[in-house]
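For reference, entry.tsv is printed below; it contains TSV, C-alpha atoms and all ligand atoms.
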```tsv
chain	number	residue	atom	x	y	z
O	20	MET	CA	77.30	167.68	124.85
O	21	ARG	CA	73.73	166.38	124.45
O	22	PHE	CA	71.38	168.66	122.49
O	23	ALA	CA	74.25	170.99	121.51
O	24	TRP	CA	73.34	170.85	117.80
O	25	PHE	CA	69.68	171.49	118.61
O	26	LYS	CA	70.50	174.55	120.69
O	27	ARG	CA	72.69	175.93	117.88
O	28	VAL	CA	70.04	175.41	115.18
O	29	ASN	CA	67.24	176.68	117.41
O	30	ALA	CA	69.06	179.92	118.28
O	31	LYS	CA	69.96	180.59	114.65
O	32	VAL	CA	66.45	179.96	113.29
O	33	THR	CA	64.61	181.83	116.07
O	34	TYR	CA	66.72	184.99	116.04
O	35	GLU	CA	67.08	185.13	112.23
O	36	LEU	CA	63.29	185.00	111.97
O	37	LEU	CA	62.64	187.54	114.71
O	38	ALA	CA	64.69	190.29	113.08
O	39	LYS	CA	63.32	189.46	109.62
O	40	LYS	CA	59.67	189.22	110.58
O	41	ILE	CA	59.60	192.08	113.10
O	42	PRO	CA	61.87	194.77	111.66
O	43	ALA	CA	60.43	197.46	114.01
O	44	THR	CA	63.13	200.10	114.35
O	45	ASP	CA	61.99	201.17	117.85
O	46	TRP	CA	62.47	197.70	119.37
O	47	HIS	CA	66.12	197.64	120.43
O	48	PHE	CA	66.48	194.97	123.15
O	49	MET	CA	65.70	191.31	123.81
O	50	ASN	CA	66.58	190.83	127.49
O	51	TYR	CA	64.26	190.67	130.50
O	52	GLY	CA	65.48	193.94	132.01
O	53	TYR	CA	67.01	195.02	135.30
O	54	VAL	CA	65.98	197.26	138.17
O	55	PRO	CA	69.13	198.48	139.96
O	56	ASN	CA	69.83	198.03	143.67
O	57	GLU	CA	69.49	201.20	145.79
O	58	SER	CA	73.27	201.31	146.11
O	59	GLU	CA	73.73	201.32	142.33
O	60	ILE	CA	71.28	204.00	141.30
O	61	SER	CA	73.32	206.46	139.37
O	62	ASN	CA	72.45	209.98	138.31
O	63	ASP	CA	74.54	209.33	135.23
O	64	LEU	CA	71.80	207.46	133.45
O	65	PRO	CA	69.85	209.61	130.96
O	66	ALA	CA	66.47	210.52	132.46
O	67	ASN	CA	64.42	210.20	129.28
O	68	LEU	CA	64.81	206.50	128.59
O	69	SER	CA	61.51	206.06	126.83
O	70	ILE	CA	62.69	203.11	124.69
O	71	GLN	CA	62.84	199.95	126.82
O	72	GLN	CA	64.32	201.51	129.95
O	73	PHE	CA	64.69	198.25	131.91
O	74	PRO	CA	66.55	196.19	129.27
O	75	LEU	CA	68.83	199.18	128.75
O	76	GLN	CA	69.51	199.25	132.49
O	77	MET	CA	70.64	195.59	132.26
O	78	TYR	CA	73.45	196.80	130.00
O	79	HIS	CA	74.14	200.04	131.85
O	80	TYR	CA	74.75	198.53	135.28
O	81	LEU	CA	76.72	195.63	133.80
O	82	ALA	CA	79.01	197.97	131.85
O	83	ALA	CA	79.56	200.01	135.01
O	84	LYS	CA	81.43	196.99	136.43
O	85	SER	CA	84.63	197.59	134.46
O	86	PRO	CA	86.60	200.45	132.86
O	87	ILE	CA	85.42	201.01	129.26
O	88	LYS	CA	86.41	204.54	128.20
O	89	ASP	CA	88.95	204.51	125.33
O	90	LEU	CA	89.16	200.69	125.44
O	91	HIS	CA	88.26	198.01	122.87
O	92	VAL	CA	85.00	196.21	123.59
O	93	LEU	CA	83.49	193.12	121.96
O	94	GLU	CA	79.88	192.13	122.54
O	95	VAL	CA	78.86	188.55	121.82
O	96	GLY	CA	75.14	188.08	121.11
O	97	SER	CA	74.24	191.74	120.53
O	98	GLY	CA	70.75	191.09	119.10
O	99	ARG	CA	69.02	194.26	117.89
O	100	GLY	CA	71.93	196.37	119.08
O	101	GLY	CA	70.33	198.65	121.69
O	102	GLY	CA	72.87	197.73	124.37
O	103	ALA	CA	75.78	198.17	121.97
O	104	LYS	CA	74.51	201.62	121.00
O	105	HIS	CA	74.08	202.65	124.66
O	106	ILE	CA	77.54	201.50	125.79
O	107	ALA	CA	79.28	202.86	122.66
O	108	SER	CA	77.70	206.31	123.12
O	109	PHE	CA	77.54	206.58	126.92
O	110	PHE	CA	80.75	204.87	128.10
O	111	LYS	CA	82.81	206.00	125.07
O	112	PRO	CA	85.04	203.00	124.27
O	113	ALA	CA	87.64	203.46	121.50
O	114	SER	CA	85.79	200.75	119.58
O	115	TYR	CA	82.74	198.56	120.15
O	116	THR	CA	82.35	195.48	117.96
O	117	ALA	CA	78.89	193.95	118.35
O	118	MET	CA	78.63	190.38	117.07
O	119	ASP	CA	75.60	188.16	116.63
O	120	LEU	CA	74.94	184.77	115.06
O	121	ALA	CA	71.84	186.02	113.22
O	122	GLN	CA	72.74	187.93	110.05
O	123	SER	CA	69.29	189.55	109.93
O	124	ALA	CA	69.78	190.98	113.45
O	125	VAL	CA	73.24	192.27	112.46
O	126	ASP	CA	71.79	193.97	109.37
O	127	LEU	CA	68.91	195.51	111.30
O	128	ALA	CA	71.12	196.77	114.15
O	129	GLY	CA	73.60	198.26	111.68
O	130	LYS	CA	70.78	200.21	110.04
O	131	ILE	CA	69.26	201.53	113.30
O	132	HIS	CA	72.42	202.39	115.28
O	133	VAL	CA	75.11	204.37	113.54
O	134	LEU	CA	78.08	205.67	115.55
O	135	PRO	CA	81.73	206.16	114.57
O	136	ASN	CA	83.05	203.77	117.27
O	137	LEU	CA	80.41	201.05	116.70
O	138	LYS	CA	80.27	198.21	114.19
O	139	PHE	CA	78.06	195.13	113.87
O	140	ILE	CA	79.42	191.83	112.56
O	141	GLN	CA	78.07	188.33	112.09
O	142	GLY	CA	79.85	185.58	114.00
O	143	ASN	CA	79.53	182.61	116.29
O	144	ALA	CA	80.33	182.72	120.01
O	145	GLU	CA	81.97	179.31	119.69
O	146	SER	CA	84.43	180.50	117.03
O	147	ILE	CA	84.88	184.27	117.37
O	148	PRO	CA	86.29	185.94	114.22
O	149	ILE	CA	88.57	188.28	116.19
O	150	ASP	CA	92.35	188.28	116.79
O	151	SER	CA	93.78	186.81	119.99
O	152	ASN	CA	94.71	189.23	122.81
O	153	SER	CA	92.96	192.17	121.09
O	154	VAL	CA	89.97	193.00	123.31
O	155	ASP	CA	89.82	194.74	126.72
O	156	VAL	CA	86.21	193.88	127.62
O	157	VAL	CA	83.77	191.21	126.42
O	158	VAL	CA	80.06	191.89	127.07
O	159	ASN	CA	77.55	189.00	126.99
O	160	VAL	CA	73.90	189.64	127.83
O	161	GLU	CA	71.33	186.85	128.13
O	162	SER	CA	72.80	184.90	125.25
O	163	CYS	CA	75.09	182.05	126.37
O	164	HIS	CA	72.20	179.79	127.50
O	165	ALA	CA	71.60	179.32	123.75
O	166	TYR	CA	75.12	178.16	122.84
O	167	GLY	CA	75.89	174.56	121.93
O	168	SER	CA	79.05	174.67	124.04
O	169	VAL	CA	79.54	177.26	126.79
O	170	GLU	CA	83.05	175.85	127.34
O	171	LYS	CA	84.02	176.66	123.73
O	172	PHE	CA	82.60	180.18	124.12
O	173	LEU	CA	84.60	180.75	127.31
O	174	SER	CA	87.81	179.48	125.75
O	175	GLU	CA	87.23	181.87	122.84
O	176	VAL	CA	86.67	184.75	125.29
O	177	LYS	CA	89.91	183.86	127.05
O	178	ARG	CA	91.73	183.80	123.70
O	179	VAL	CA	90.47	187.20	122.45
O	180	LEU	CA	90.86	189.05	125.77
O	181	LYS	CA	94.08	190.92	126.47
O	182	PRO	CA	95.79	189.99	129.76
O	183	GLY	CA	93.93	191.89	132.50
O	184	GLY	CA	90.77	192.12	130.33
O	185	HIS	CA	87.24	191.54	131.67
O	186	LEU	CA	84.25	189.41	130.77
O	187	LEU	CA	80.94	190.99	131.87
O	188	LEU	CA	78.17	188.43	131.66
O	189	VAL	CA	74.50	188.12	132.66
O	190	ASP	CA	72.28	185.09	132.03
O	191	PHE	CA	69.77	182.71	133.59
O	192	ARG	CA	69.75	178.98	134.31
O	193	SER	CA	67.31	176.51	135.84
O	194	ASP	CA	68.06	175.16	139.31
O	195	ASN	CA	69.42	171.88	137.88
O	196	THR	CA	71.93	173.61	135.59
O	197	ILE	CA	73.03	176.69	137.56
O	198	ASN	CA	75.83	174.81	139.37
O	199	ILE	CA	77.08	173.36	136.07
O	200	PHE	CA	77.19	176.90	134.67
O	201	LYS	CA	79.08	178.23	137.71
O	202	ASP	CA	81.60	175.36	137.35
O	203	GLN	CA	82.04	176.18	133.64
O	204	LEU	CA	82.90	179.77	134.61
O	205	ARG	CA	85.24	178.72	137.45
O	206	ASN	CA	87.03	176.23	135.18
O	207	SER	CA	87.35	178.66	132.25
O	208	GLY	CA	90.85	179.82	133.13
O	209	LEU	CA	89.44	183.29	133.87
O	210	GLU	CA	89.15	184.49	137.46
O	211	VAL	CA	85.61	185.00	138.80
O	212	MET	CA	85.78	188.44	140.42
O	213	GLU	CA	82.05	188.92	141.13
O	214	GLU	CA	79.04	186.64	141.22
O	215	GLU	CA	75.60	188.02	142.07
O	216	ASP	CA	72.11	186.56	141.99
O	217	ILE	CA	70.07	189.33	140.35
O	218	SER	CA	66.80	187.37	140.05
O	219	LYS	CA	64.87	189.85	142.20
O	220	ASN	CA	66.07	192.75	140.03
O	221	VAL	CA	64.84	190.94	136.91
O	222	ILE	CA	61.48	190.00	138.49
O	223	SER	CA	60.98	193.61	139.42
O	224	SER	CA	61.79	194.68	135.86
O	225	ILE	CA	59.31	192.19	134.38
O	226	GLU	CA	56.61	193.52	136.71
O	227	GLN	CA	57.34	197.19	136.10
O	228	GLU	CA	57.67	196.77	132.32
O	229	ASP	CA	54.61	194.56	131.92
O	230	GLU	CA	52.13	197.19	130.81
O	231	SER	CA	54.37	198.71	128.14
O	232	LYS	CA	55.63	195.28	127.00
O	233	THR	CA	52.09	193.98	126.58
O	234	ALA	CA	51.11	197.11	124.63
O	235	ARG	CA	54.19	196.68	122.41
O	236	ILE	CA	53.31	193.03	121.70
O	237	LYS	CA	49.77	194.04	120.75
O	238	ALA	CA	51.08	196.73	118.43
O	239	LEU	CA	53.86	194.71	116.75
O	240	ILE	CA	52.86	191.04	116.72
O	241	PRO	CA	50.06	189.52	114.63
O	242	LEU	CA	47.15	188.36	116.83
O	243	LYS	CA	47.71	184.63	116.20
O	244	TRP	CA	51.32	184.84	117.48
O	245	GLN	CA	50.68	187.10	120.48
O	246	LYS	CA	50.24	184.35	123.09
O	247	LEU	CA	53.38	182.48	122.02
O	248	PHE	CA	55.37	185.70	121.81
O	249	SER	CA	54.20	186.82	125.28
O	250	GLU	CA	55.71	183.61	126.66
O	251	PHE	CA	58.97	184.27	124.79
O	252	ALA	CA	59.03	187.89	125.93
O	253	GLY	CA	58.43	186.84	129.56
O	254	VAL	CA	55.35	188.82	130.53
O	255	VAL	CA	53.91	188.51	134.06
O	256	GLY	CA	52.34	185.03	134.26
O	257	SER	CA	54.68	183.49	131.64
O	258	ARG	CA	56.63	180.35	132.49
O	259	PHE	CA	59.87	182.35	132.62
O	260	TYR	CA	58.40	184.81	135.13
O	261	LEU	CA	56.79	182.09	137.28
O	262	THR	CA	59.93	179.95	137.48
O	263	LEU	CA	62.05	182.96	138.41
O	264	LYS	CA	59.49	183.84	141.08
O	265	ASP	CA	59.35	180.34	142.60
O	266	GLY	CA	63.15	180.01	142.59
O	267	SER	CA	63.37	177.10	140.15
O	268	ARG	CA	65.25	179.40	137.79
O	269	SER	CA	67.77	182.11	138.66
O	270	TYR	CA	69.38	185.02	136.89
O	271	TYR	CA	73.03	185.86	137.59
O	272	ARG	CA	75.56	188.59	136.90
O	273	PHE	CA	79.28	187.75	136.71
O	274	VAL	CA	82.51	189.67	136.29
O	275	LEU	CA	85.53	187.59	135.23
O	276	LYS	CA	89.11	188.65	134.58
O	277	LYS	CA	91.95	187.23	132.49
O	278	SER	CA	95.10	187.25	134.56
O	279	ALA	CA	97.56	190.03	133.72
P	301	LIG	C1	67.85	186.87	124.17
P	301	LIG	S1	68.75	187.55	122.83
P	301	LIG	C2	69.61	188.87	123.66
P	301	LIG	C3	70.08	189.93	122.70
P	301	LIG	C4	70.79	191.11	123.34
P	301	LIG	N1	71.94	190.69	124.11
P	301	LIG	C5	69.84	191.89	124.21
P	301	LIG	O1	69.97	191.81	125.44
P	301	LIG	O2	68.99	192.59	123.68
P	301	LIG	C6	70.05	186.35	122.52
P	301	LIG	C7	70.95	186.71	121.34
P	301	LIG	O3	72.04	185.78	121.30
P	301	LIG	C8	72.31	185.48	119.93
P	301	LIG	N2	73.03	184.20	119.81
P	301	LIG	C9	72.54	182.95	120.06
P	301	LIG	N3	73.49	182.01	119.83
P	301	LIG	C10	74.61	182.70	119.43
P	301	LIG	C11	75.93	182.30	119.06
P	301	LIG	N4	76.30	181.01	119.04
P	301	LIG	N5	76.82	183.26	118.72
P	301	LIG	C12	76.47	184.57	118.74
P	301	LIG	N6	75.23	185.01	119.08
P	301	LIG	C13	74.31	184.09	119.43
P	301	LIG	C14	70.92	185.43	119.30
P	301	LIG	O4	70.98	185.53	117.88
P	301	LIG	C15	70.24	186.62	119.99
P	301	LIG	O5	70.40	187.80	119.26
```
Translate the structure of the given file into structure tokens.
Ligand SMILES: C[S@@+](CC[C@H](N)C(=O)[O-])C[C@H]1O[C@@H](n2cnc3c(N)ncnc32)[C@H](O)[C@@H]1O
Amino acid sequence: MRFAWFKRVNAKVTYELLAKKIPATDWHFMNYGYVPNESEISNDLPANLSIQQFPLQMYHYLAAKSPIKDLHVLEVGSGRGGGAKHIASFFKPASYTAMDLAQSAVDLAGKIHVLPNLKFIQGNAESIPIDSNSVDVVVNVESCHAYGSVEKFLSEVKRVLKPGGHLLLVDFRSDNTINIFKDQLRNSGLEVMEEEDISKNVISSIEQEDESKTARIKALIPLKWQKLFSEFAGVVGSRFYLTLKDGSRSYYRFVLKKSA
């Protein structure tokens, strides 16, 4: 695939640097966040979500899509580990293995989030260091756009999942690649159980989180990097926000299942 090597190197360098250069222990997420639909709002969610409520909700309402209690969960692309910590403590899986390509992110997450059923490991989505047929649920949040080969990732997910296991995935694509992505999922050998355009939920999150996100950037990022980082973080007015708003990019949530 064209540019596959560039995507791999870019993801590795960017996310290694981010965790190394900004080791803030109260910054736990790197997704654009989610505001739930009326029908989804659950009283279950802890009320005092002061740390990055909207990115945590992205994980919460994704995890709610499949059974998790007492099962074995693998997350691919766990970043700073906030989602792993939330699912491992709230949904109580037997084990939660959170894997990321960036060793510095793995080290940081392992220091911040300590739970008996949670471990952080380094690994590549395109060659997952986990036994075949050993995982009940794979979680993948806003990460697979960065992989050199999404097909390789999906074949690895199919390999590690037990029969009947689920892949819970959220990510974005531009309008000229969204159909390619949907075809990759449909041709993965897993069954697509749910497909939902959640762009409006993400736009709403970006808007509602803007004030606190901007304050966080001012507090954590050196002045000369703030503009660039605001683009990366997707503040209101960033290219990411504008393209989601004008429909030239969309954000999707999928549930896939390996046949029993
Ligand atoms: C936008 S961040 C999202 C992090 C986390 N899921 C969250 O929502 O906070 C994307 C993550 O994917 C990871 N990543 C990129 N390419 C990867 C690969 N080939 N294998 C595993 N992780 C990868 C990056 O290191 C980064 O931590």
### Task
Find the residues near ligand LIG 301 (chain P). Use a cut-off of 7 Å, count all atoms listed in the file, and write them as number ranges by chain.
O: 27, 30-31, 34-35, 47-50, 74, 95-102, 118-121, 124, 142-145, 159-163, 165-166
### Task
Tell me, as number ranges by chain, which residues lie within 12 Å of O:Ser223, counting all atoms listed in the file; anything in the same chain fewer than 2 positions away does not count.
O: 51-56, 73-74, 217-221, 225-229, 254-255, 260, 263-264
### Message
Between O:Ser85, O:Ser193, O:Gln203, O:Ser61, which residue has the minimum interatomic distance to O:Leu261, considering only C-alpha atoms?
### Response
O:Ser193
### Task
Would you mind reading off the distance between atom CA of O:Leu239 and atom CA of O:Leu134, one decimal, in Å?
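We find that atom CA of O:Leu239 and atom CA of O:Leu134 lie 26.6 Å from each other.
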### Message
Could you check the closest approach to O:Ser231 for each of O:Lys171, O:Val154, O:Glu214, O:Ala252 and tell me which residue wins, using only C-alpha atoms?
### Response
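Going through O:Lys171, O:Val154, O:Glu214, O:Ala252 one by one, the smallest distance to O:Ser231 is for O:Ala252.
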### Query
Quick one, how far is atom CA of O:Ile140 from atom CA of O:Val274?
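Atom CA of O:Ile140 sits 24.0 Å away from atom CA of O:Val274.
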### Task
Find the distance between atom CA of O:Ala238 and atom CA of O:Ile131 and write it in Å to one decimal.
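Taking atom CA of O:Ala238 and atom CA of O:Ile131, their separation equals 19.5 Å.
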#### Entry: Counting all atoms listed in the file, the option among O:His185, O:His132, O:Lys177, O:Lys201 closest to O:Ala107
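The shortest atom-to-atom distance to O:Ala107 comes from O:His132.
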### Query
Neighbours of O:Lys276 within 7 Å (only C-alpha atoms; same-chain residues fewer than 4 positions away dropped), as a PyMOL selection string?
chain O and resi 183-186+209-212
### Task
Rank nothing, just name the residue among O:Lys130, O:His164, O:His105, O:Arg272 nearest to O:Asp216, using only C-alpha atoms.
O:Arg272
### Task
Have a look at O:Val158, O:Leu37, O:Leu242, O:Ile199 and name the one nearest to O:Met77; count only C-alpha atoms.
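Among O:Val158, O:Leu37, O:Leu242, O:Ile199, it is O:Val158 that comes nearest to O:Met77.
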### Residue nearest O:Asn198 - candidates O:Phe139, O:Ala38, O:Ser269, O:Ser249, atoms counted: only C-alpha atoms
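Comparing O:Phe139, O:Ala38, O:Ser269, O:Ser249 against O:Asn198, the winner is O:Ser269.
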### Query
Could you pull the residues within 7 Å of O:Lys181, counting only C-alpha atoms, minus those fewer than 4 positions along the same chain, as a PyMOL selection string?
chain O and resi 152-155
Please enclose the listed atoms of stretch 228-235 of chain O in an axis-aligned box, pad each side by 5 Å, and write out the centre and the three edge lengths in Å, rounded to one decimal, as JSON.
```
{"center_x": 54.4, "center_y": 196.3, "center_z": 127.4, "size_x": 16.6, "size_y": 14.7, "size_z": 19.9}
```
### Task
Please determine the residues with any atom at most 12 Å from (77.5, 200.7, 132.5) (coordinates as given in the file, with all atoms listed in the file counting) and report them as a ChimeraX atom specification.
/O:55,59-61,63-65,75-88,102-112,158,187
